Amino acid sequence: MAIDPSELKGRKLGRVLSKLGVTTREQVHEALAVQKTRKVPIGQLLVELGYATDTDVARALAGQSGMAYVDLAGVDIPSDVIEAIPADNAQAYQVVPIEFNPKAKKLKIALKSPNNFRAVDDLRLLMGFNVEAVVADEALIDSLLKEHYSRNESVSDVVSSLASDEKFKGLAASGGASIDLDAVLEASEDNQVVKLLNLVLLQAIKDKASDIHFE
């Protein structure tokens, strides 16, 4: 039966591995004895002794932080989920979106490390979404980043995409005439608009700009 990550939060790594059924107390004590003569992490020692795998240790480290560990091997991420985060954001924070609910404004991302708090906080601020983070294998995240975000999307790319969208053409053509506020609201929640704002904000953060001007 799966263990709730909250039950593992704050526990010592050896205890977490035992709780997960990976190691026994005796194996952990053996590794601790070795650690007295070798100043290396307990997880590394357990792997060297053959009592755990790198994935086991990564899962346990995630549990220590109260986070779930997910296996992304063979997972097919839908294009609308990938498009929820612009390439610049995904590459900058080294994260991959794995679930996205635009109506509920919920986004689930996979991190390489449970200590990547900045990615979660910044994406919440940039996107205005409830961001849930899980941990996944570093090599798999690198592979997914290369597969889906190898070409960085620029602000001009997104603007060009918006310009060709009939929904936005209609708004632009309204000129000084009355504007359908519902249509404006719907347009503002479009993935492409959110993506454009994210790119602008990310660039502002990189440039340490105090003001952003739109013309």
# chains A, B, ... in the order shown; residues from 1 in each chain; ligands from 1
$ residues_around --residues "A:Ala119" --least-positions-apart "4" --cutoff "12 Å" --atoms "only C-alpha atoms" --output "list in words"
Ile85, Asn89, Ala90, Gln91, Ala92, Tyr93, Gln94, Val95, Val96, Pro97, Lys108, Ile109, Ala110, Leu111, Lys112, Ser113, Pro114, Asn115, Leu123, Arg124, Leu125, Leu126, Met127, Val131, Glu132, Ala133, Val134 and Leu202 of chain A
$ residues_around --residues "stretch 51-59 of chain A" --least-positions-apart "5" --cutoff "7 Å" --atoms "only C-alpha atoms" --output "list in words"
Val22, Thr23, Gly43, Leu46 and Tyr69 of chain A
$ write_last_selection --atoms "N, CA and C atoms" --output "short mmCIF file (atom, residue, chain, number, x, y, z; two decimals), in the first residue's frame"
data_model
loop_
_atom_site.label_atom_id
_atom_site.label_comp_id
_atom_site.auth_asym_id
_atom_site.auth_seq_id
_atom_site.Cartn_x
_atom_site.Cartn_y
_atom_site.Cartn_z
N VAL A 22 12.33 -0.61 1.74
CA VAL A 22 13.53 -0.78 0.92
C VAL A 22 14.65 -1.45 1.71
N THR A 23 14.86 -0.99 2.95
CA THR A 23 15.95 -1.52 3.78
C THR A 23 15.41 -2.03 5.11
N GLY A 43 22.58 7.68 2.16
CA GLY A 43 21.94 7.14 0.96
C GLY A 43 22.96 6.56 0.00
N LEU A 46 24.21 3.19 1.32
CA LEU A 46 23.24 2.11 1.15
C LEU A 46 23.21 1.62 -0.30
N TYR A 69 7.05 11.06 -5.06
CA TYR A 69 8.00 10.77 -6.14
C TYR A 69 7.23 10.06 -7.24
#
$ residues_around --residues "A:Ile82" --least-positions-apart "2" --cutoff "8 Å" --atoms "only C-alpha atoms" --output "ChimeraX atom specification"
/A:77-80,84-85,96-98,148
$ residues_around --residues "A:Gly128" --least-positions-apart "5" --cutoff "10 Å" --atoms "only C-alpha atoms" --output "compact mmCIF listing (two decimals) with N, CA and C atoms, in the first residue's frame"
# COMPACT_ATOMS: atom_id res chain seq x y z
N LYS A 105 -7.32 26.24 -12.36
CA LYS A 105 -6.03 26.91 -12.19
C LYS A 105 -5.08 26.09 -11.33
N LYS A 106 -4.99 24.81 -11.68
CA LYS A 106 -4.10 23.90 -10.95
C LYS A 106 -3.05 23.34 -11.91
N ASP A 122 8.09 30.86 -7.60
CA ASP A 122 8.10 31.77 -8.75
C ASP A 122 6.99 31.44 -9.74
N LEU A 123 6.75 30.16 -9.98
CA LEU A 123 5.70 29.78 -10.92
C LEU A 123 4.32 30.12 -10.38
N VAL A 194 -1.39 33.94 -21.14
CA VAL A 194 -0.66 33.63 -19.91
C VAL A 194 0.81 33.39 -20.23
$ closest_residue --among "A:Val16, A:Lys9, A:Arg118, A:Ser150" --to "A:Ala60" --atoms "only C-alpha atoms"
A:Val16
